[in-house]
$ cat final-v8.tsv   # TSV, C-alpha atoms and all ligand atoms
chain	number	residue	atom	x	y	z
U	1	MET	CA	143.56	118.15	92.09
U	2	ASP	CA	142.85	114.45	91.86
U	3	ARG	CA	139.06	114.21	91.61
U	4	ARG	CA	138.75	111.15	93.84
U	5	LYS	CA	140.78	112.83	96.58
U	6	PHE	CA	138.62	115.92	96.34
U	7	VAL	CA	135.38	113.89	96.67
U	8	THR	CA	136.77	112.05	99.69
U	9	ALA	CA	137.86	115.27	101.32
U	10	ALA	CA	134.50	116.89	100.66
U	11	GLY	CA	132.71	113.83	102.10
U	12	ALA	CA	134.86	113.94	105.23
U	13	ALA	CA	134.18	117.66	105.59
U	14	GLY	CA	130.45	116.93	105.33
U	15	VAL	CA	130.61	114.46	108.21
U	16	LEU	CA	132.72	116.80	110.33
U	17	ALA	CA	130.31	119.67	109.70
U	18	ALA	CA	127.69	117.75	111.64
U	19	CYS	CA	129.96	117.59	114.72
U	20	THR	CA	130.44	120.33	117.30
U	21	LYS	CA	133.32	120.56	119.73
U	22	GLN	CA	132.09	120.52	123.29
U	23	GLN	CA	133.97	121.41	126.50
U	24	GLY	CA	137.44	119.89	126.64
U	25	SER	CA	138.19	117.42	123.86
U	26	GLN	CA	134.71	115.84	123.66
U	27	VAL	CA	133.18	116.02	120.20
U	28	GLU	CA	129.45	115.56	119.84
U	29	CYS	CA	128.06	114.59	116.45
U	30	SER	CA	124.35	115.28	116.57
U	31	GLY	CA	123.80	114.37	112.92
U	32	GLN	CA	125.93	111.24	113.03
U	33	SER	CA	123.93	108.18	112.07
U	34	SER	CA	123.56	105.05	114.13
U	35	GLN	CA	124.70	101.88	112.40
U	36	GLN	CA	121.48	100.06	113.21
U	37	THR	CA	119.89	98.48	110.14
U	38	PHE	CA	116.19	98.32	109.33
U	39	GLU	CA	114.25	95.99	107.07
U	40	TRP	CA	110.95	97.37	105.85
U	41	LYS	CA	108.13	96.09	103.70
U	42	MET	CA	106.56	98.33	101.02
U	43	VAL	CA	103.08	97.22	99.93
U	44	THR	CA	101.77	98.66	96.65
U	45	SER	CA	98.50	99.01	94.77
U	46	TRP	CA	100.14	97.95	91.50
U	47	PRO	CA	100.96	94.62	89.89
U	48	ARG	CA	104.59	93.71	90.62
U	49	ASP	CA	107.01	95.46	88.23
U	50	PHE	CA	104.11	97.14	86.38
U	51	PRO	CA	105.60	99.73	83.97
U	52	GLY	CA	105.70	103.25	85.42
U	53	LEU	CA	103.81	102.52	88.65
U	54	GLY	CA	105.38	99.29	89.94
U	55	THR	CA	108.80	100.11	88.49
U	56	ASN	CA	108.70	103.54	90.15
U	57	ALA	CA	107.98	101.90	93.50
U	58	ASN	CA	110.92	99.55	92.89
U	59	ARG	CA	113.24	102.45	92.05
U	60	LEU	CA	112.20	104.33	95.18
U	61	ALA	CA	113.00	101.30	97.34
U	62	GLU	CA	116.35	100.87	95.57
U	63	LYS	CA	117.21	104.55	96.08
U	64	ILE	CA	116.51	104.33	99.80
U	65	GLY	CA	118.67	101.22	100.09
U	66	ARG	CA	121.51	102.74	98.09
U	67	LEU	CA	121.50	106.16	99.79
U	68	SER	CA	121.43	104.54	103.22
U	69	ASN	CA	124.29	102.21	102.30
U	70	GLY	CA	122.02	99.26	103.05
U	71	ARG	CA	120.97	100.46	106.51
U	72	LEU	CA	117.34	100.77	105.42
U	73	LYS	CA	116.34	97.89	103.17
U	74	VAL	CA	112.88	98.13	101.62
U	75	LYS	CA	111.31	95.01	100.11
U	76	VAL	CA	108.57	95.78	97.58
U	77	TYR	CA	105.36	93.74	97.34
U	78	GLY	CA	103.02	93.92	94.35
U	79	GLY	CA	99.26	94.12	94.87
U	80	ASN	CA	97.91	90.87	96.43
U	81	GLU	CA	101.38	89.59	97.32
U	82	LEU	CA	101.07	90.68	100.94
U	83	VAL	CA	97.78	92.61	100.97
U	84	PRO	CA	95.20	93.40	98.24
U	85	PRO	CA	95.80	96.61	96.20
U	86	PHE	CA	93.15	98.62	98.04
U	87	GLU	CA	94.28	97.57	101.53
U	88	VAL	CA	97.63	99.34	101.30
U	89	PHE	CA	96.45	102.24	103.46
U	90	ASP	CA	95.17	99.95	106.24
U	91	ALA	CA	98.30	97.81	106.10
U	92	VAL	CA	100.54	100.85	106.65
U	93	SER	CA	98.19	102.32	109.27
U	94	GLN	CA	98.22	99.08	111.24
U	95	GLY	CA	101.95	98.46	110.78
U	96	THR	CA	101.54	95.25	108.74
U	97	ALA	CA	103.91	97.07	106.38
U	98	GLU	CA	106.07	100.06	107.29
U	99	MET	CA	105.69	101.64	103.86
U	100	GLY	CA	103.17	101.80	101.02
U	101	HIS	CA	103.05	103.07	97.43
U	102	SER	CA	99.70	104.09	95.99
U	103	ALA	CA	97.44	107.03	95.03
U	104	ALA	CA	95.46	109.02	97.59
U	105	TYR	CA	92.04	108.89	95.89
U	106	TYR	CA	91.73	105.19	96.70
U	107	TRP	CA	91.22	106.13	100.38
U	108	LYS	CA	88.21	108.41	100.04
U	109	GLY	CA	86.04	105.82	101.84
U	110	LYS	CA	88.28	106.15	104.91
U	111	ALA	CA	89.13	109.85	104.69
U	112	PRO	CA	87.01	111.82	102.17
U	113	ALA	CA	89.62	114.60	102.11
U	114	ALA	CA	92.28	112.15	100.81
U	115	GLN	CA	91.03	112.31	97.20
U	116	PHE	CA	92.24	115.92	96.79
U	117	PHE	CA	95.84	114.72	97.06
U	118	ALA	CA	95.86	112.58	93.89
U	119	GLY	CA	94.12	114.19	90.94
U	120	ILE	CA	91.59	117.00	90.92
U	121	PRO	CA	89.16	117.02	87.95
U	122	PHE	CA	89.83	119.97	85.64
U	123	GLY	CA	92.43	121.05	88.19
U	124	LEU	CA	96.16	121.55	88.40
U	125	SER	CA	98.75	120.17	86.00
U	126	ALA	CA	101.56	118.04	87.44
U	127	GLN	CA	103.91	121.03	87.54
U	128	GLU	CA	101.31	123.23	89.23
U	129	LEU	CA	100.32	120.50	91.66
U	130	HIS	CA	103.92	120.03	92.80
U	131	GLY	CA	104.11	123.75	93.53
U	132	TRP	CA	101.05	123.43	95.73
U	133	PHE	CA	102.41	120.41	97.61
U	134	TYR	CA	105.91	121.73	98.24
U	135	PHE	CA	105.39	125.49	98.53
U	136	GLY	CA	101.66	126.27	98.52
U	137	GLY	CA	100.57	124.53	101.74
U	138	GLY	CA	99.40	121.22	100.22
U	139	MET	CA	101.84	118.99	102.08
U	140	GLU	CA	100.82	120.32	105.50
U	141	LEU	CA	97.15	119.70	104.75
U	142	TRP	CA	97.89	116.19	103.44
U	143	ARG	CA	99.79	115.32	106.64
U	144	GLU	CA	96.81	116.57	108.64
U	145	VAL	CA	94.41	114.29	106.71
U	146	TYR	CA	96.53	111.15	107.30
U	147	GLU	CA	97.57	112.01	110.88
U	148	PRO	CA	94.61	110.24	112.60
U	149	PHE	CA	95.61	107.04	110.80
U	150	GLY	CA	99.21	107.07	112.02
U	151	ILE	CA	100.50	107.58	108.46
U	152	ILE	CA	102.95	110.16	107.11
U	153	PRO	CA	102.49	110.80	103.36
U	154	PHE	CA	105.20	111.76	100.87
U	155	LEU	CA	104.77	112.85	97.28
U	156	ALA	CA	106.53	110.11	95.29
U	157	GLY	CA	105.60	110.47	91.65
U	158	ASN	CA	103.22	111.86	89.09
U	159	SER	CA	101.70	110.22	86.02
U	160	GLY	CA	101.26	113.55	84.24
U	161	PRO	CA	97.97	114.06	82.39
U	162	GLN	CA	95.93	110.91	81.90
U	163	MET	CA	93.51	109.81	79.17
U	164	ALA	CA	89.69	109.97	79.47
U	165	GLY	CA	89.73	106.23	78.83
U	166	TRP	CA	88.57	103.31	76.71
U	167	PHE	CA	84.96	103.22	75.57
U	168	ASN	CA	82.85	100.78	73.64
U	169	ARG	CA	80.32	103.49	72.81
U	170	GLU	CA	80.76	106.90	71.24
U	171	ILE	CA	80.40	109.91	73.52
U	172	ASN	CA	78.77	112.73	71.55
U	173	SER	CA	76.68	114.28	74.32
U	174	LEU	CA	76.12	114.03	78.05
U	175	ASP	CA	73.21	111.64	77.33
U	176	ASP	CA	75.73	109.06	76.13
U	177	LEU	CA	77.02	108.82	79.71
U	178	GLN	CA	73.59	107.69	80.98
U	179	GLY	CA	73.83	104.20	82.47
U	180	LEU	CA	77.51	103.93	81.53
U	181	LYS	CA	79.28	101.47	83.82
U	182	MET	CA	82.79	102.81	83.98
U	183	ARG	CA	85.83	102.17	86.11
U	184	ILE	CA	86.83	105.62	87.35
U	185	PRO	CA	88.00	106.38	90.90
U	186	GLY	CA	87.84	109.41	93.17
U	187	LEU	CA	86.20	112.74	92.42
U	188	GLY	CA	85.95	111.92	88.70
U	189	GLY	CA	83.87	108.86	89.60
U	190	GLU	CA	81.45	110.95	91.65
U	191	ILE	CA	81.10	113.45	88.78
U	192	LEU	CA	80.30	110.57	86.40
U	193	ARG	CA	77.67	109.29	88.86
U	194	ARG	CA	76.01	112.71	88.96
U	195	ALA	CA	76.10	112.79	85.15
U	196	GLY	CA	74.06	109.56	85.10
U	197	GLY	CA	76.79	106.93	84.93
U	198	THR	CA	77.78	104.16	87.34
U	199	PRO	CA	81.37	104.55	88.53
U	200	GLN	CA	83.28	101.46	89.65
U	201	THR	CA	86.56	101.13	91.50
U	202	ILE	CA	88.43	98.10	90.20
U	203	PRO	CA	92.13	97.35	90.69
U	204	GLY	CA	94.21	97.82	87.53
U	205	ALA	CA	95.03	94.15	87.18
U	206	GLU	CA	91.31	93.27	86.76
U	207	LEU	CA	90.47	95.94	84.18
U	208	PHE	CA	91.08	94.05	80.97
U	209	THR	CA	88.81	91.15	81.93
U	210	ALA	CA	86.09	93.47	83.28
U	211	LEU	CA	86.07	95.42	80.01
U	212	GLN	CA	86.31	92.40	77.75
U	213	THR	CA	83.51	90.49	79.49
U	214	GLY	CA	81.22	93.53	79.55
U	215	THR	CA	81.18	93.83	83.36
U	216	ILE	CA	81.98	97.48	82.59
U	217	ASP	CA	81.30	99.52	79.42
U	218	ALA	CA	84.33	101.76	79.75
U	219	THR	CA	87.42	102.27	81.82
U	220	GLU	CA	90.03	104.85	82.46
U	221	TRP	CA	93.39	103.61	83.69
U	222	VAL	CA	96.34	105.94	83.20
U	223	GLY	CA	97.66	106.85	79.75
U	224	PRO	CA	99.21	105.26	76.65
U	225	TYR	CA	102.22	103.83	78.55
U	226	ASN	CA	100.18	101.89	81.11
U	227	ASP	CA	97.14	101.24	78.93
U	228	LEU	CA	99.30	99.60	76.26
U	229	ALA	CA	100.90	97.40	78.93
U	230	PHE	CA	97.46	96.05	79.94
U	231	GLY	CA	96.40	95.57	76.31
U	232	LEU	CA	93.24	97.61	76.89
U	233	PHE	CA	93.07	98.44	73.17
U	234	ARG	CA	92.05	94.82	72.57
U	235	ALA	CA	88.90	95.21	74.69
U	236	ALA	CA	87.53	98.61	73.61
U	237	LYS	CA	86.83	100.47	70.39
U	238	TYR	CA	87.53	104.13	71.20
U	239	TYR	CA	90.35	105.82	73.10
U	240	TYR	CA	89.11	109.19	74.39
U	241	TYR	CA	91.03	112.26	75.55
U	242	PRO	CA	91.60	114.49	77.49
U	243	GLY	CA	91.84	113.02	80.99
U	244	TRP	CA	89.57	115.70	82.46
U	245	HIS	CA	89.34	113.79	85.75
U	246	GLU	CA	93.12	113.43	86.25
U	247	PRO	CA	95.16	116.28	84.74
U	248	GLY	CA	98.30	115.36	86.74
U	249	THR	CA	97.89	112.55	89.23
U	250	ALA	CA	100.17	112.42	92.25
U	251	LEU	CA	101.51	109.11	93.52
U	252	GLU	CA	102.24	108.68	97.21
U	253	CYS	CA	104.69	106.98	99.52
U	254	LEU	CA	103.04	106.16	102.85
U	255	VAL	CA	105.06	105.64	106.02
U	256	ASN	CA	103.82	104.18	109.30
U	257	ARG	CA	104.31	106.79	112.04
U	258	ASP	CA	105.77	104.39	114.65
U	259	ALA	CA	108.25	102.98	112.11
U	260	TRP	CA	109.23	106.55	111.16
U	261	ASP	CA	109.73	107.52	114.80
U	262	ALA	CA	112.09	104.56	115.26
U	263	LEU	CA	114.44	105.80	112.49
U	264	PRO	CA	117.49	108.03	113.06
U	265	GLN	CA	117.21	111.46	111.43
U	266	ASP	CA	119.50	110.69	108.49
U	267	LEU	CA	117.34	107.74	107.36
U	268	ARG	CA	114.24	109.93	107.62
U	269	ASP	CA	115.99	112.50	105.43
U	270	ILE	CA	116.85	109.77	102.93
U	271	ILE	CA	113.18	108.73	102.64
U	272	GLU	CA	112.18	112.35	102.10
U	273	ILE	CA	114.86	113.06	99.48
U	274	ALA	CA	114.39	109.71	97.68
U	275	SER	CA	110.64	110.37	97.45
U	276	GLN	CA	111.29	113.82	96.04
U	277	ALA	CA	113.70	112.36	93.47
U	278	SER	CA	111.01	109.84	92.51
U	279	VAL	CA	108.68	112.68	91.55
U	280	VAL	CA	111.05	113.81	88.79
U	281	ASP	CA	111.97	110.25	87.89
U	282	THR	CA	108.37	109.11	87.44
U	283	LEU	CA	107.04	112.16	85.61
U	284	SER	CA	110.00	111.99	83.20
U	285	ASP	CA	109.40	108.28	82.62
U	286	PHE	CA	105.68	108.81	81.94
U	287	THR	CA	106.25	111.79	79.63
U	288	TYR	CA	108.66	109.91	77.37
U	289	GLN	CA	106.93	106.52	77.45
U	290	ASN	CA	103.45	108.00	76.90
U	291	GLY	CA	104.73	109.60	73.70
U	292	LYS	CA	106.30	106.35	72.48
U	293	SER	CA	103.31	104.23	73.47
U	294	LEU	CA	100.76	106.56	71.87
U	295	ARG	CA	102.56	106.13	68.56
U	296	ILE	CA	102.52	102.32	68.94
U	297	LEU	CA	98.80	102.32	69.80
U	298	LEU	CA	97.97	104.43	66.73
U	299	ASP	CA	100.44	103.05	64.18
U	300	GLU	CA	100.67	99.38	65.13
U	301	HIS	CA	97.29	98.67	66.71
U	302	GLY	CA	95.09	101.06	64.73
U	303	VAL	CA	93.49	102.53	67.84
U	304	GLU	CA	90.69	105.01	67.14
U	305	LEU	CA	91.51	108.20	69.01
U	306	ARG	CA	88.58	110.49	69.93
U	307	ARG	CA	88.33	113.86	71.64
U	308	LEU	CA	85.50	114.40	74.13
U	309	PRO	CA	83.28	117.24	72.85
U	310	ASP	CA	83.81	120.59	74.57
U	311	ASP	CA	80.16	120.84	75.67
U	312	VAL	CA	80.44	117.45	77.44
U	313	LEU	CA	83.61	118.60	79.19
U	314	ILE	CA	82.06	121.94	80.22
U	315	LYS	CA	78.97	120.20	81.64
U	316	LEU	CA	81.16	117.76	83.58
U	317	LYS	CA	83.08	120.76	84.95
U	318	GLN	CA	79.81	122.41	86.08
U	319	ILE	CA	78.78	119.18	87.85
U	320	GLY	CA	82.24	119.14	89.44
U	321	ASP	CA	81.88	122.73	90.68
U	322	ASP	CA	78.60	121.86	92.45
U	323	LEU	CA	80.22	118.75	93.94
U	324	MET	CA	83.17	120.77	95.32
U	325	LEU	CA	80.84	123.32	96.95
U	326	GLU	CA	78.85	120.51	98.54
U	327	LEU	CA	81.92	118.67	99.83
U	328	ALA	CA	83.39	121.91	101.21
U	329	SER	CA	80.23	122.75	103.12
U	330	ASP	CA	79.92	119.21	104.56
U	331	ASP	CA	83.49	118.88	105.83
U	332	GLU	CA	85.56	121.62	107.50
U	333	LEU	CA	88.90	120.07	106.47
U	334	ILE	CA	87.82	119.71	102.82
U	335	GLY	CA	86.67	123.35	102.98
U	336	ARG	CA	90.17	124.41	104.02
U	337	ILE	CA	91.81	122.22	101.36
U	338	LEU	CA	89.63	123.69	98.60
U	339	ALA	CA	90.23	127.23	99.86
U	340	SER	CA	93.97	126.55	99.71
U	341	LEU	CA	93.70	125.06	96.20
U	342	ASN	CA	91.58	127.96	94.95
U	343	ALA	CA	93.97	130.59	96.34
U	344	TYR	CA	96.89	128.72	94.79
U	345	TYR	CA	95.11	128.46	91.42
U	346	GLU	CA	94.34	132.19	91.42
U	347	THR	CA	98.04	132.82	91.95
U	348	VAL	CA	99.55	130.45	89.38
U	349	ASN	CA	96.92	130.35	86.61
U	350	PRO	CA	97.67	133.84	85.20
U	351	TRP	CA	101.31	132.80	84.97
U	352	THR	CA	100.57	129.40	83.36
U	353	THR	CA	98.27	131.16	80.89
U	354	ILE	CA	100.88	133.54	79.52
U	355	SER	CA	103.76	131.06	79.72
U	356	ASP	CA	103.02	127.34	79.10
U	357	ARG	CA	99.67	127.83	77.38
U	358	THR	CA	100.87	130.45	74.92
U	359	LEU	CA	103.70	128.29	73.68
U	360	LEU	CA	101.67	125.05	73.62
U	361	ASN	CA	98.90	126.74	71.63
U	362	LEU	CA	101.48	127.88	69.11
U	363	ARG	CA	102.81	124.38	68.46
U	364	PRO	CA	100.37	123.42	65.68
U	365	GLU	CA	101.53	126.49	63.75
U	366	ILE	CA	105.27	125.96	64.11
U	367	ASP	CA	107.83	123.24	63.67
U	368	THR	CA	109.67	122.97	66.95
U	369	PHE	CA	113.33	122.04	66.47
B	401	CA	CA	93.49	106.99	86.33
$ encode --input "final-v8.tsv" --output "structure tokens"
Amino acid sequence: MDRRKFVTAAGAAGVLAACTKQQGSQVECSGQSSQQTFEWKMVTSWPRDFPGLGTNANRLAEKIGRLSNGRLKVKVYGGNELVPPFEVFDAVSQGTAEMGHSAAYYWKGKAPAAQFFAGIPFGLSAQELHGWFYFGGGMELWREVYEPFGIIPFLAGNSGPQMAGWFNREINSLDDLQGLKMRIPGLGGEILRRAGGTPQTIPGAELFTALQTGTIDATEWVGPYNDLAFGLFRAAKYYYYPGWHEPGTALECLVNRDAWDALPQDLRDIIEIASQASVVDTLSDFTYQNGKSLRILLDEHGVELRRLPDDVLIKLKQIGDDLMLELASDDELIGRILASLNAYYETVNPWTTISDRTLLNLRPEIDTF
């Protein structure tokens, strides 16, 4: 059978499947789309076209346009082009933009529960986190957190594990964190504060200058891919791992509720499916580019890679445990989110331990491929 003919026939069958024959000859197509077109704005927390973050937002907008055959056009704005990076949430809530692309921990000042939907210190890997969002009850809780703001959230990417960051002082013990002015958002920032440091929230585009001028002593950003793009290795001496505060950070697509309600069902489906596709797209991009960029940082720029000592990491985890208990007792919704995360962790961790961890631990002893 001619392949093109087959595809056309299958496409026609798909359209017909949405139609049901009513009394007489009337055919009603409940799933048939209207031909109305929509033009949306997407505001982002990233510099325009920034590798991995900005480019992922661009690809999501392109996917929506392509899948909808141009019926939903999404124009992407970098941080500060329409609104500042940290006003994305308000802009979508108020309808200044119909759509946003960001990370949920930036909104903890507006909704403290939001920070659990980006990265959880010492928490779930990207793969585990996606299981929680899509099948473990995470998505329903996230929608509940954003509901009072008239925003519908979608998972739209993941950076994978991040780096602990760039430091101009060595970290050999918890005492070395005393008085450390460090850019680190969300729950990780609060843990640093309790460990004696001073967390700052600074948009990515301002990090290099803040570090170079000594406004901050250290910064985390993302990982080799994004950190190389900002040239952070030129402003700090040591590059520390692991990214204890962000083991697999979720990126979000925000949609204004009224704008969503005005869309026909097929365009809503396209946003949902395009966001889901962006999760794979972004994590794949980060995985490959982080590997390439780490090699460039080490081989071409002579970056000094350091591992945070285990006792520092364990103490930070203990501070984090106390913080979680406190947050859960202060806020009923956070209590439910943490209960859901804990139940999920108890379910998946034994599996991750015998599967991923066993093979990863074996890697230093074997030559893969
Ligand atoms: Ca980060």
$ atom_distance --input "final-v8.tsv" --atom1 "CA of Asp261 in chain U" --atom2 "CA of Glu140 in chain U"
18.2 Å
$ residues_near_ligand --input "final-v8.tsv" --ligand "ligand CA 401 (chain B)" --cutoff "12 Å" --atoms "all atoms listed in the file" --output "PyMOL selection string"
chain U and resi 53+102-106+118-121+158-166+182-189+201-204+207+219-224+226-227+242-251
$ residues_around --input "final-v8.tsv" --residues "range 70-79 of chain U" --least-positions-apart "2" --cutoff "8 Å" --atoms "all atoms listed in the file" --output "PyMOL selection string"
chain U and resi 35-49+54+57-58+61-62+64-68+81-85+267
$ residues_near_point --input "final-v8.tsv" --point "(88.7, 108.3, 70.5)" --cutoff "12 Å" --atoms "only C-alpha atoms" --output "MDAnalysis selection string"
chainID U and resid 163:172 233 236:243 297:298 302:309
$ atom_distance --input "final-v8.tsv" --atom1 "CA of Arg234 in chain U" --atom2 "CA of Thr213 in chain U"
11.8 Å
$ atom_distance --input "final-v8.tsv" --atom1 "CA of Arg143 in chain U" --atom2 "CA of Cys253 in chain U"
12.0 Å
$ residues_around --input "final-v8.tsv" --residues "Ser275 in chain U" --least-positions-apart "2" --cutoff "8 Å" --atoms "only C-alpha atoms" --output "ChimeraX atom specification"
/U:60,154-157,253,271-273,277-279
$ residues_around --input "final-v8.tsv" --residues "Leu177 in chain U" --least-positions-apart "2" --cutoff "12 Å" --atoms "all atoms listed in the file" --output "mmCIF file with C-alpha atoms, in the coordinates of the input"
data_model
loop_
_atom_site.group_PDB
_atom_site.id
_atom_site.type_symbol
_atom_site.label_atom_id
_atom_site.label_comp_id
_atom_site.auth_asym_id
_atom_site.auth_seq_id
_atom_site.Cartn_x
_atom_site.Cartn_y
_atom_site.Cartn_z
ATOM 1 C CA PHE U 167 84.960 103.220 75.570
ATOM 2 C CA ASN U 168 82.850 100.780 73.640
ATOM 3 C CA ARG U 169 80.320 103.490 72.810
ATOM 4 C CA GLU U 170 80.760 106.900 71.240
ATOM 5 C CA ILE U 171 80.400 109.910 73.520
ATOM 6 C CA ASN U 172 78.770 112.730 71.550
ATOM 7 C CA SER U 173 76.680 114.280 74.320
ATOM 8 C CA LEU U 174 76.120 114.030 78.050
ATOM 9 C CA ASP U 175 73.210 111.640 77.330
ATOM 10 C CA GLY U 179 73.830 104.200 82.470
ATOM 11 C CA LEU U 180 77.510 103.930 81.530
ATOM 12 C CA LYS U 181 79.280 101.470 83.820
ATOM 13 C CA MET U 182 82.790 102.810 83.980
ATOM 14 C CA ILE U 191 81.100 113.450 88.780
ATOM 15 C CA LEU U 192 80.300 110.570 86.400
ATOM 16 C CA ARG U 193 77.670 109.290 88.860
ATOM 17 C CA ARG U 194 76.010 112.710 88.960
ATOM 18 C CA ALA U 195 76.100 112.790 85.150
ATOM 19 C CA GLY U 196 74.060 109.560 85.100
ATOM 20 C CA GLY U 197 76.790 106.930 84.930
ATOM 21 C CA THR U 198 77.780 104.160 87.340
ATOM 22 C CA PRO U 199 81.370 104.550 88.530
ATOM 23 C CA ASP U 217 81.300 99.520 79.420
ATOM 24 C CA ALA U 218 84.330 101.760 79.750
ATOM 25 C CA LEU U 308 85.500 114.400 74.130
ATOM 26 C CA VAL U 312 80.440 117.450 77.440
ATOM 27 C CA LEU U 313 83.610 118.600 79.190
ATOM 28 C CA LYS U 315 78.970 120.200 81.640
ATOM 29 C CA LEU U 316 81.160 117.760 83.580
#
$ closest_residue --input "final-v8.tsv" --among "U:Phe116, U:Ser329, U:Phe230, U:Tyr225" --to "Tyr288 in chain U" --atoms "only C-alpha atoms"
U:Tyr225
$ axis_aligned_box --input "final-v8.tsv" --around "range 131-136 of chain U" --padding-each-side "8 Å" --output "JSON"
{"center_x": 103.5, "center_y": 123.3, "center_z": 96.0, "size_x": 20.9, "size_y": 21.9, "size_z": 21.0}
